[in-house]
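Peer 1: Please read through the structure below; I'll follow up with questions.
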Amino acid sequence: MKRRTESAGGRRKREAIFAYLMIAPLMAGVLLFYIGAFFKNLYYGFTDKGSFGDAELIGIKNYMEIAKDGAFLRAAANTALYALFCVPAVLLLSVLLALLLNVRLKGIGLLRVCIFLPAVTLPSAIGLIWRWMMNYEFGLFNEIRALFSLKRIAWLSDPNYALFSVSLVFIWANVAYPVIILLAGLQSIPSCYREAAQIDGAGRWRQFTSITLPLLSPVIFFVLITTVINVLQIFDFIYLMIPEGSIGMASARSLVSYFFRQSFVMGHRGYGAAVSVILFLLILLVTMLLMFLQKRIVFYDD
Amino acid sequence: MKRGRERIILYAALSLCAFLTVFPFLWAVLTAFKSYEESIRIPPTFIPENFRLENFRIVLKKFPFSAFYANTFLMILFVIIFQLCLCSMAAYAFARLHFPGRELIFWSLLALLMAPGQIFLIPNYETMVKLHLADTVTALWLPKVFSAFGTYLLREFFRGIPRSLDEAAILDGCNYFQIYLWIHLPLIRPALSSLAILTAISAFKDLMWPLIVNNSMDKMTLSSGLSMLIGEHTTIYPQVMAGGLIAVLPMLLLFFIFQRQFIEGIATAGIKQ
């Protein structure tokens, strides 16, 4: 009897040791590149660290400065505007496209592939292509406007247009990925629900609002949350499309662009770290808010 | 009659969307074959007067695209190999084994998913400098290996495997590692390929990390290398378009060939939340 409990205990111990060995390689990297890095970054935020040399602790001076830093506040406001433009557009367009693509038609496969293309294209290439199309002197957009004798627009350097232009590209580039996910979600809805509703005499709209939308809502929520997080970290297209030093930059620069510039162009590492901490808190706050809303807007079928 | 008209409207709407998506690519292709002089002509020509390859030749000579390719390929290869190994091992432990602190460790790992990547960049860059890895190919992939998302995704799949399989294997004299390697891993092959595809796409697209950690032209990826094509003063767009096409073509080809796997891979991430 005693022997058996011992062997059971021994087995449990062996299992635990084996489990620790299995997670050890991953956890070593996570400790170094994530958990360790997180606390180091937090610490840097309280220092005057530059690109090299020693750093001195300066308390919350970086954060005090950020609160008065016009360029930072502008970048925060720009980021909010990006979210305001891009999130509803991406969500609406991707749901609409997924619904349109969820049909049996000749050639639908080809149409789907075309619409999915931006999901597997380099943002750098997308940025360069649109930068060319939005070029002031020779870009396609202005050439088309010229055909209708409209005035040229400095899409990327006019402070009134730069943020809008980047948003347009972000939306164009970021609809494809959600469409793929939403389409898979639509296809996983059993057709028996819709058939039953049809028999009960529900029209198309009623079927959409009472069956498709609730059953798709967890996927829509996932798309919402990833789109929000992505747009709050918008950087690539701004970096590639808006020339640094152009007058459009101030009105297009996002929080991440500002972080990148402070940390890796100007070499203000301590200040940059503080900016990244604020970005982290902002994203955390928004994510928690959305998670809180999840219970109200998402329908769970269990 | 009504169905016919509906179908036409649907085709028209979808074709319009497909056109809006494809057109920028098409315009890039057309520009890439034009001479500089033709590309800035007003009004613009649509089809190039004659398809010339000189832009491709010049951009390939000016920029080390073979290095961009090699670095990108090696980065993706190493991220996939190491990530699949490390994440599947850890995910198996989190899904199937009992050990003190399991929930705590797993949930703190998940908390990382909430954090924007930027908060790790400064310390990670410094770690790379300290390890003498800055400006090397290793720097491109090393921090991307340790994926909380990958671990979470694979754990979900491991949890779906019936326990009776493990018990049968133990009775047959398998140890835990053999169960993991020979029984569980083959069963989650679709999940592994999904994770590989998602990882490949995100590593391929990432711009900021390669831009920060590698500064020599011959240590850049396609993503960061492309951003160097913009000139300080004048930008020769036909050459830039040619470079852009050279950079995106392989992934687009892979996508056309492995459409089903790509689409399933991306969809998996959304469905298994």
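For the structure tokens, the naming scheme is as follows: chains receive sequential letters (A, B, ...) according to their order of presentation, residues are indexed from 1 within each chain, and ligands are indexed from 1 in presentation order.
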Please run DSSP on the backbone and report, as number ranges by chain, all residues within segment 108-253 of chain B that come out as alpha helix (DSSP H).
Peer 2: B: 108-111, 118-130, 137-141, 148-159, 163-171, 176-178, 185-187, 189-205, 208-213, 222-226, 237-253
Peer 1: Can you pull out every residue within 10 Å of segment 3-16 of chain B, counting only C-alpha atoms, but drop anything in the same chain fewer than 3 positions away, and send it as a list of chain:residue names?
Peer 2: A:Leu97, A:Leu100, A:Leu101, A:Val103, A:Leu105, A:Lys106, A:Gly107, A:Ile108, A:Leu111, A:Arg112, A:Cys114, A:Ile115, B:Phe19, B:Leu20, B:Thr21, B:Val22
Peer 1: Could you write out that same residue set with N, CA and C atoms as a short mmCIF file (atom, residue, chain, number, x, y, z; two decimals), in the first residue's frame?
Peer 2:
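As a result, again31.cif now contains:
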```
data_model
loop_
_atom_site.label_atom_id
_atom_site.label_comp_id
_atom_site.auth_asym_id
_atom_site.auth_seq_id
_atom_site.Cartn_x
_atom_site.Cartn_y
_atom_site.Cartn_z
N LEU A 97 -17.80 42.58 -47.39
CA LEU A 97 -17.10 41.77 -48.39
C LEU A 97 -17.23 40.28 -48.10
N LEU A 100 -20.59 39.20 -49.22
CA LEU A 100 -20.65 39.13 -50.68
C LEU A 100 -19.91 37.92 -51.22
N LEU A 101 -18.78 37.61 -50.57
CA LEU A 101 -17.95 36.51 -51.09
C LEU A 101 -18.48 35.14 -50.68
N VAL A 103 -20.82 33.22 -51.39
CA VAL A 103 -21.87 32.72 -52.29
C VAL A 103 -21.23 31.71 -53.23
N LEU A 105 -20.77 31.03 -56.83
CA LEU A 105 -20.88 31.64 -58.16
C LEU A 105 -19.69 31.16 -58.96
N LYS A 106 -19.85 31.20 -60.28
CA LYS A 106 -18.70 30.85 -61.13
C LYS A 106 -17.63 31.93 -60.95
N GLY A 107 -16.40 31.51 -60.76
CA GLY A 107 -15.31 32.49 -60.69
C GLY A 107 -15.15 33.12 -59.33
N ILE A 108 -15.91 32.65 -58.33
CA ILE A 108 -15.82 33.27 -57.01
C ILE A 108 -14.43 33.05 -56.40
N LEU A 111 -12.13 35.77 -57.59
CA LEU A 111 -12.47 37.05 -56.95
C LEU A 111 -11.96 37.07 -55.51
N ARG A 112 -12.13 35.94 -54.81
CA ARG A 112 -11.66 35.86 -53.43
C ARG A 112 -10.16 36.09 -53.38
N CYS A 114 -8.20 37.60 -55.40
CA CYS A 114 -7.86 38.99 -55.67
C CYS A 114 -8.04 39.84 -54.42
N ILE A 115 -9.16 39.64 -53.75
CA ILE A 115 -9.46 40.48 -52.59
C ILE A 115 -8.55 40.15 -51.40
N PHE B 19 -11.33 44.73 -58.46
CA PHE B 19 -10.59 45.69 -59.27
C PHE B 19 -9.87 46.71 -58.39
N LEU B 20 -10.60 47.24 -57.39
CA LEU B 20 -9.99 48.23 -56.49
C LEU B 20 -8.80 47.63 -55.74
N THR B 21 -8.88 46.33 -55.45
CA THR B 21 -7.77 45.69 -54.74
C THR B 21 -6.60 45.45 -55.66
N VAL B 22 -6.89 45.01 -56.88
CA VAL B 22 -5.82 44.60 -57.77
C VAL B 22 -5.18 45.80 -58.47
#
```
Peer 1: Which chain B residues have any atom within 6 Å of an atom of chain A, and for each, what is the nearest pair of atoms with distance in Å to one decimal, counting only C-alpha atoms, rows sorted by chain and number, as a tab-separated table?
Peer 2:
```
residue	atom	partner	partner_atom	distance
B:Ala18	CA	A:Ile115	CA	5.3
B:Thr21	CA	A:Ile115	CA	5.9
B:Ile40	CA	A:Phe138	CA	5.4
B:Leu86	CA	A:Leu26	CA	5.4
B:Met89	CA	A:Met22	CA	5.3
B:Ala90	CA	A:Ile23	CA	4.3
B:Ala93	CA	A:Ala19	CA	5.2
B:Phe99	CA	A:Ala16	CA	4.6
B:Ile119	CA	A:Ser276	CA	5.3
B:Phe120	CA	A:Ala37	CA	5.4
B:Pro123	CA	A:Ala37	CA	5.3
B:Phe146	CA	A:Leu26	CA	5.7
B:Lys205	CA	A:Leu122	CA	5.1
B:Ser223	CA	A:Ser124	CA	5.8
B:Gly244	CA	A:Ala125	CA	5.1
B:Ala267	CA	A:Ile181	CA	4.5
B:Gly270	CA	A:Ile181	CA	5.6
```
Peer 1: Print the selection's residues with C-alpha atoms to a file, as a PDB file, in the first residue's frame.
Peer 2:
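And here's again06.pdb as it stands now:
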```pdb
ATOM      1  CA  ALA B  18     -11.547  42.971 -56.814  1.00  0.00           C
ATOM      2  CA  THR B  21      -7.773  45.693 -54.737  1.00  0.00           C
ATOM      3  CA  ILE B  40       6.256  61.411 -65.601  1.00  0.00           C
ATOM      4  CA  LEU B  86       9.592  25.488 -28.509  1.00  0.00           C
ATOM      5  CA  MET B  89       6.778  21.563 -26.346  1.00  0.00           C
ATOM      6  CA  ALA B  90       5.526  24.218 -23.951  1.00  0.00           C
ATOM      7  CA  ALA B  93       3.089  20.755 -21.077  1.00  0.00           C
ATOM      8  CA  PHE B  99       2.880  20.782 -12.428  1.00  0.00           C
ATOM      9  CA  ILE B 119       7.599  48.217 -25.238  1.00  0.00           C
ATOM     10  CA  PHE B 120      10.161  45.462 -25.811  1.00  0.00           C
ATOM     11  CA  PRO B 123      15.730  46.573 -24.316  1.00  0.00           C
ATOM     12  CA  PHE B 146       9.397  32.840 -28.275  1.00  0.00           C
ATOM     13  CA  LYS B 205       5.785  41.814 -43.157  1.00  0.00           C
ATOM     14  CA  SER B 223      10.687  44.600 -45.904  1.00  0.00           C
ATOM     15  CA  GLY B 244       8.649  46.440 -54.966  1.00  0.00           C
ATOM     16  CA  ALA B 267      -8.789  31.566 -40.539  1.00  0.00           C
ATOM     17  CA  GLY B 270      -9.645  33.870 -35.854  1.00  0.00           C
TER      18      GLY B 270
END
```
Peer 1: List the spatial neighbours of Asn215 of chain B as a list in words - criterion: any atom at most 10 Å away, only C-alpha atoms, same-chain residues fewer than 2 positions off excluded.
Peer 2: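 With the cut-off at 10 Å, the set is Ala134, Asp135, Thr136, Pro210, Leu211, Ile212, Val213, Met217, Asp218, Lys219, Met220, Ser224 and Gly225 of chain B.
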Peer 1: If you keep C-alpha atoms, can you produce a file of those selected residues as a PDB file, in the first residue's frame?
Peer 2:
```pdb
ATOM      1  CA  ALA B 134      23.141  43.447 -33.837  1.00  0.00           C
ATOM      2  CA  ASP B 135      23.482  43.658 -37.602  1.00  0.00           C
ATOM      3  CA  THR B 136      23.372  39.892 -38.083  1.00  0.00           C
ATOM      4  CA  PRO B 210      14.661  44.690 -38.969  1.00  0.00           C
ATOM      5  CA  LEU B 211      14.900  48.431 -39.459  1.00  0.00           C
ATOM      6  CA  ILE B 212      16.124  48.940 -35.893  1.00  0.00           C
ATOM      7  CA  VAL B 213      18.423  46.004 -35.368  1.00  0.00           C
ATOM      8  CA  MET B 217      22.346  47.106 -46.430  1.00  0.00           C
ATOM      9  CA  ASP B 218      23.367  43.451 -46.827  1.00  0.00           C
ATOM     10  CA  LYS B 219      21.747  42.471 -43.509  1.00  0.00           C
ATOM     11  CA  MET B 220      18.298  43.839 -44.336  1.00  0.00           C
ATOM     12  CA  SER B 224      13.339  46.924 -44.501  1.00  0.00           C
ATOM     13  CA  GLY B 225      15.392  46.896 -47.699  1.00  0.00           C
TER      14      GLY B 225
END
```
Peer 1: Write out as a tab-separated table the residues of segment 61-122 of chain B that have any atom within 12 Å of an atom of segment 170-190 of chain B, one row each with the nearest atom pair and its distance in Å to one decimal, counting only C-alpha atoms, sorted by chain and then rising number.
Peer 2:
```
residue	atom	partner	partner_atom	distance
B:Leu84	CA	B:Leu185	CA	10.4
B:Cys85	CA	B:Leu185	CA	10.2
B:Cys87	CA	B:Leu185	CA	11.6
B:Ser88	CA	B:Leu185	CA	7.9
B:Met89	CA	B:Tyr180	CA	7.9
B:Ala90	CA	B:Tyr180	CA	10.7
B:Ala91	CA	B:Tyr180	CA	10.4
B:Tyr92	CA	B:Tyr180	CA	7.1
B:Ala93	CA	B:Tyr180	CA	9.1
B:Ala95	CA	B:His184	CA	11.1
B:Arg96	CA	B:Tyr180	CA	9.5
B:Leu97	CA	B:Tyr176	CA	9.1
B:His98	CA	B:Tyr176	CA	11.9
```
Peer 1: Just checking: using only C-alpha atoms, which residue out of B:Leu192, B:Ile201, B:Met128, B:Leu252 ends up closest to Glu156 of chain B?
Peer 2: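 Smallest separation from Glu156 of chain B among the options: B:Leu192.
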Peer 1: When you draw a straight line from atom CA of Leu77 of chain B to atom CA of Phe237 of chain A, how long is it in Å?
Peer 2: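 Interatomic distance, atom CA of Leu77 of chain B to atom CA of Phe237 of chain A: 26.2 Å.
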Peer 1: Excluding segment 42-56 of chain B and its own-chain neighbours fewer than 3 positions away, which residues fall within 6 Å of it when counting only C-alpha atoms? Please give them as a PyMOL selection string.
Peer 2: chain B and resi 33-34+59+239+242
Peer 1: Give the answer as one residue: which of B:Gly150, B:Phe23, B:Thr268, B:Ala200 has the shortest atom-to-atom distance to Phe255 of chain B, using only C-alpha atoms?
Peer 2: B:Ala200
Peer 1: Pick out the residues sitting within 9 Å of Thr212 of chain A, and hand them over as a list in words; count only C-alpha atoms, and ignore anything fewer than 3 positions along from it in its own chain.
Peer 2: Leu186, Ile189, Arg194, Gln207, Phe208, Thr209, Leu215, Leu216 and Ser217 of chain A
Peer 1: Check the smallest atom-to-atom distance from each of A:Ala71, A:Met291, A:Ile247, A:Ala55 to Pro159 of chain A using only C-alpha atoms, then report the winner.
Peer 2: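 Using only C-alpha atoms, the shortest distance to Pro159 of chain A belongs to A:Ile247.
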Peer 1: So, with only C-alpha atoms as the atoms that count, which of B:Leu198, B:Ala203, B:Ala169, B:Leu109 lies closest to Pro143 of chain B?
Peer 2: B:Ala203
Peer 1: What's the 6 Å shell around segment 88-90 of chain A, counting only C-alpha atoms, without same-chain residues fewer than 4 positions away, as a list of chain:residue names?
Peer 2: A:Ser94, A:Ile171, A:Val175
Peer 1: Restrict the selected residues to C-alpha atoms and save them as an mmCIF file, in the first residue's frame.
Peer 2:
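Okay, this is what ended up in result.cif:
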```cif
data_model
loop_
_atom_site.group_PDB
_atom_site.id
_atom_site.type_symbol
_atom_site.label_atom_id
_atom_site.label_comp_id
_atom_site.auth_asym_id
_atom_site.auth_seq_id
_atom_site.Cartn_x
_atom_site.Cartn_y
_atom_site.Cartn_z
ATOM 1 C CA SER A 94 -14.775 43.398 -44.168
ATOM 2 C CA ILE A 171 -8.004 50.494 -44.734
ATOM 3 C CA VAL A 175 -9.509 44.642 -44.940
#
```
Peer 1: Find, counting only C-alpha atoms, the residue in B:Tyr36, B:Thr234, B:Phe94, B:Ser227 that gets nearest to Leu153 of chain B.
Peer 2: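 The answer is B:Phe94, which sits nearest to Leu153 of chain B.
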Peer 1: Quick one: residues within 10 Å of Leu222 of chain B, only C-alpha atoms, excluding same-chain residues fewer than 5 positions away - as a ChimeraX atom specification?
Peer 2: /A:122,124-125 /B:64-73,204-207,210,227,243-244,246-248
Peer 1: Store the residues picked out above, limited to N, CA and C atoms, as a PDB file, in the first residue's frame.
Peer 2:
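The new file out-v4.pdb reads:
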```
ATOM      1  N   LEU A 122       3.832  42.770 -48.749  1.00  0.00           N
ATOM      2  CA  LEU A 122       4.635  43.572 -47.828  1.00  0.00           C
ATOM      3  C   LEU A 122       4.046  44.964 -47.649  1.00  0.00           C
ATOM      4  N   SER A 124       5.663  47.458 -46.894  1.00  0.00           N
ATOM      5  CA  SER A 124       6.618  48.368 -47.540  1.00  0.00           C
ATOM      6  C   SER A 124       6.249  48.565 -48.999  1.00  0.00           C
ATOM      7  N   ALA A 125       5.939  47.463 -49.676  1.00  0.00           N
ATOM      8  CA  ALA A 125       5.609  47.576 -51.094  1.00  0.00           C
ATOM      9  C   ALA A 125       4.299  48.339 -51.263  1.00  0.00           C
TER      10      ALA A 125
ATOM     11  N   PRO B  64      21.187  45.261 -52.942  1.00  0.00           N
ATOM     12  CA  PRO B  64      21.538  43.836 -52.854  1.00  0.00           C
ATOM     13  C   PRO B  64      20.307  42.959 -52.628  1.00  0.00           C
ATOM     14  N   PHE B  65      19.471  42.822 -53.656  1.00  0.00           N
ATOM     15  CA  PHE B  65      18.242  42.062 -53.481  1.00  0.00           C
ATOM     16  C   PHE B  65      18.499  40.595 -53.151  1.00  0.00           C
ATOM     17  N   SER B  66      19.619  40.047 -53.637  1.00  0.00           N
ATOM     18  CA  SER B  66      19.883  38.640 -53.318  1.00  0.00           C
ATOM     19  C   SER B  66      20.113  38.501 -51.812  1.00  0.00           C
ATOM     20  N   ALA B  67      20.760  39.501 -51.197  1.00  0.00           N
ATOM     21  CA  ALA B  67      20.931  39.456 -49.736  1.00  0.00           C
ATOM     22  C   ALA B  67      19.584  39.644 -49.042  1.00  0.00           C
ATOM     23  N   PHE B  68      18.753  40.567 -49.548  1.00  0.00           N
ATOM     24  CA  PHE B  68      17.419  40.757 -48.952  1.00  0.00           C
ATOM     25  C   PHE B  68      16.652  39.429 -48.964  1.00  0.00           C
ATOM     26  N   TYR B  69      16.720  38.764 -50.120  1.00  0.00           N
ATOM     27  CA  TYR B  69      16.029  37.475 -50.255  1.00  0.00           C
ATOM     28  C   TYR B  69      16.564  36.451 -49.278  1.00  0.00           C
ATOM     29  N   ALA B  70      17.892  36.311 -49.278  1.00  0.00           N
ATOM     30  CA  ALA B  70      18.512  35.291 -48.438  1.00  0.00           C
ATOM     31  C   ALA B  70      18.191  35.564 -46.969  1.00  0.00           C
ATOM     32  N   ASN B  71      18.326  36.827 -46.533  1.00  0.00           N
ATOM     33  CA  ASN B  71      18.058  37.153 -45.129  1.00  0.00           C
ATOM     34  C   ASN B  71      16.610  36.871 -44.774  1.00  0.00           C
ATOM     35  N   THR B  72      15.695  37.268 -45.658  1.00  0.00           N
ATOM     36  CA  THR B  72      14.278  37.047 -45.382  1.00  0.00           C
ATOM     37  C   THR B  72      13.985  35.554 -45.304  1.00  0.00           C
ATOM     38  N   PHE B  73      14.550  34.804 -46.244  1.00  0.00           N
ATOM     39  CA  PHE B  73      14.306  33.361 -46.270  1.00  0.00           C
ATOM     40  C   PHE B  73      14.839  32.697 -45.005  1.00  0.00           C
ATOM     41  N   PHE B 204       7.613  38.093 -42.334  1.00  0.00           N
ATOM     42  CA  PHE B 204       7.843  38.659 -43.667  1.00  0.00           C
ATOM     43  C   PHE B 204       7.440  40.131 -43.710  1.00  0.00           C
ATOM     44  N   LYS B 205       6.309  40.451 -43.068  1.00  0.00           N
ATOM     45  CA  LYS B 205       5.785  41.814 -43.157  1.00  0.00           C
ATOM     46  C   LYS B 205       6.437  42.778 -42.170  1.00  0.00           C
ATOM     47  N   ASP B 206       7.036  42.252 -41.113  1.00  0.00           N
ATOM     48  CA  ASP B 206       7.532  43.129 -40.052  1.00  0.00           C
ATOM     49  C   ASP B 206       8.561  44.114 -40.606  1.00  0.00           C
ATOM     50  N   LEU B 207       8.390  45.365 -40.250  1.00  0.00           N
ATOM     51  CA  LEU B 207       9.290  46.401 -40.756  1.00  0.00           C
ATOM     52  C   LEU B 207      10.164  46.974 -39.645  1.00  0.00           C
ATOM     53  N   PRO B 210      13.488  44.725 -38.078  1.00  0.00           N
ATOM     54  CA  PRO B 210      14.661  44.690 -38.969  1.00  0.00           C
ATOM     55  C   PRO B 210      15.254  46.066 -39.231  1.00  0.00           C
ATOM     56  N   SER B 227      12.348  49.852 -47.947  1.00  0.00           N
ATOM     57  CA  SER B 227      12.177  51.226 -47.463  1.00  0.00           C
ATOM     58  C   SER B 227      13.395  52.077 -47.812  1.00  0.00           C
ATOM     59  N   GLY B 243      11.497  47.328 -57.945  1.00  0.00           N
ATOM     60  CA  GLY B 243      12.002  46.745 -56.710  1.00  0.00           C
ATOM     61  C   GLY B 243      10.883  46.163 -55.857  1.00  0.00           C
ATOM     62  N   GLY B 244       9.792  46.910 -55.751  1.00  0.00           N
ATOM     63  CA  GLY B 244       8.649  46.440 -54.966  1.00  0.00           C
ATOM     64  C   GLY B 244       8.109  45.122 -55.511  1.00  0.00           C
ATOM     65  N   ILE B 246       9.748  42.899 -57.313  1.00  0.00           N
ATOM     66  CA  ILE B 246      10.717  41.822 -57.065  1.00  0.00           C
ATOM     67  C   ILE B 246      10.550  41.320 -55.632  1.00  0.00           C
ATOM     68  N   ALA B 247      10.256  42.230 -54.707  1.00  0.00           N
ATOM     69  CA  ALA B 247      10.154  41.859 -53.295  1.00  0.00           C
ATOM     70  C   ALA B 247       8.880  41.083 -52.975  1.00  0.00           C
ATOM     71  N   VAL B 248       7.766  41.445 -53.603  1.00  0.00           N
ATOM     72  CA  VAL B 248       6.504  40.794 -53.194  1.00  0.00           C
ATOM     73  C   VAL B 248       6.186  39.550 -54.005  1.00  0.00           C
TER      74      VAL B 248
END
```
Peer 1: If you measure from atom CA of Ser157 of chain A to atom CA of Tyr136 of chain A, what distance in Å do you get, rounded to one decimal?
Peer 2: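 Taking atom CA of Ser157 of chain A as the start and atom CA of Tyr136 of chain A as the end point, the length is 8.7 Å.
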Peer 1: Point out the residue among A:Ile242, A:Val231, A:Leu224, A:Leu84 with the least atom-to-atom distance to Gln294 of chain A, counting only C-alpha atoms.
Peer 2: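 The closest residue to Gln294 of chain A is A:Leu224.
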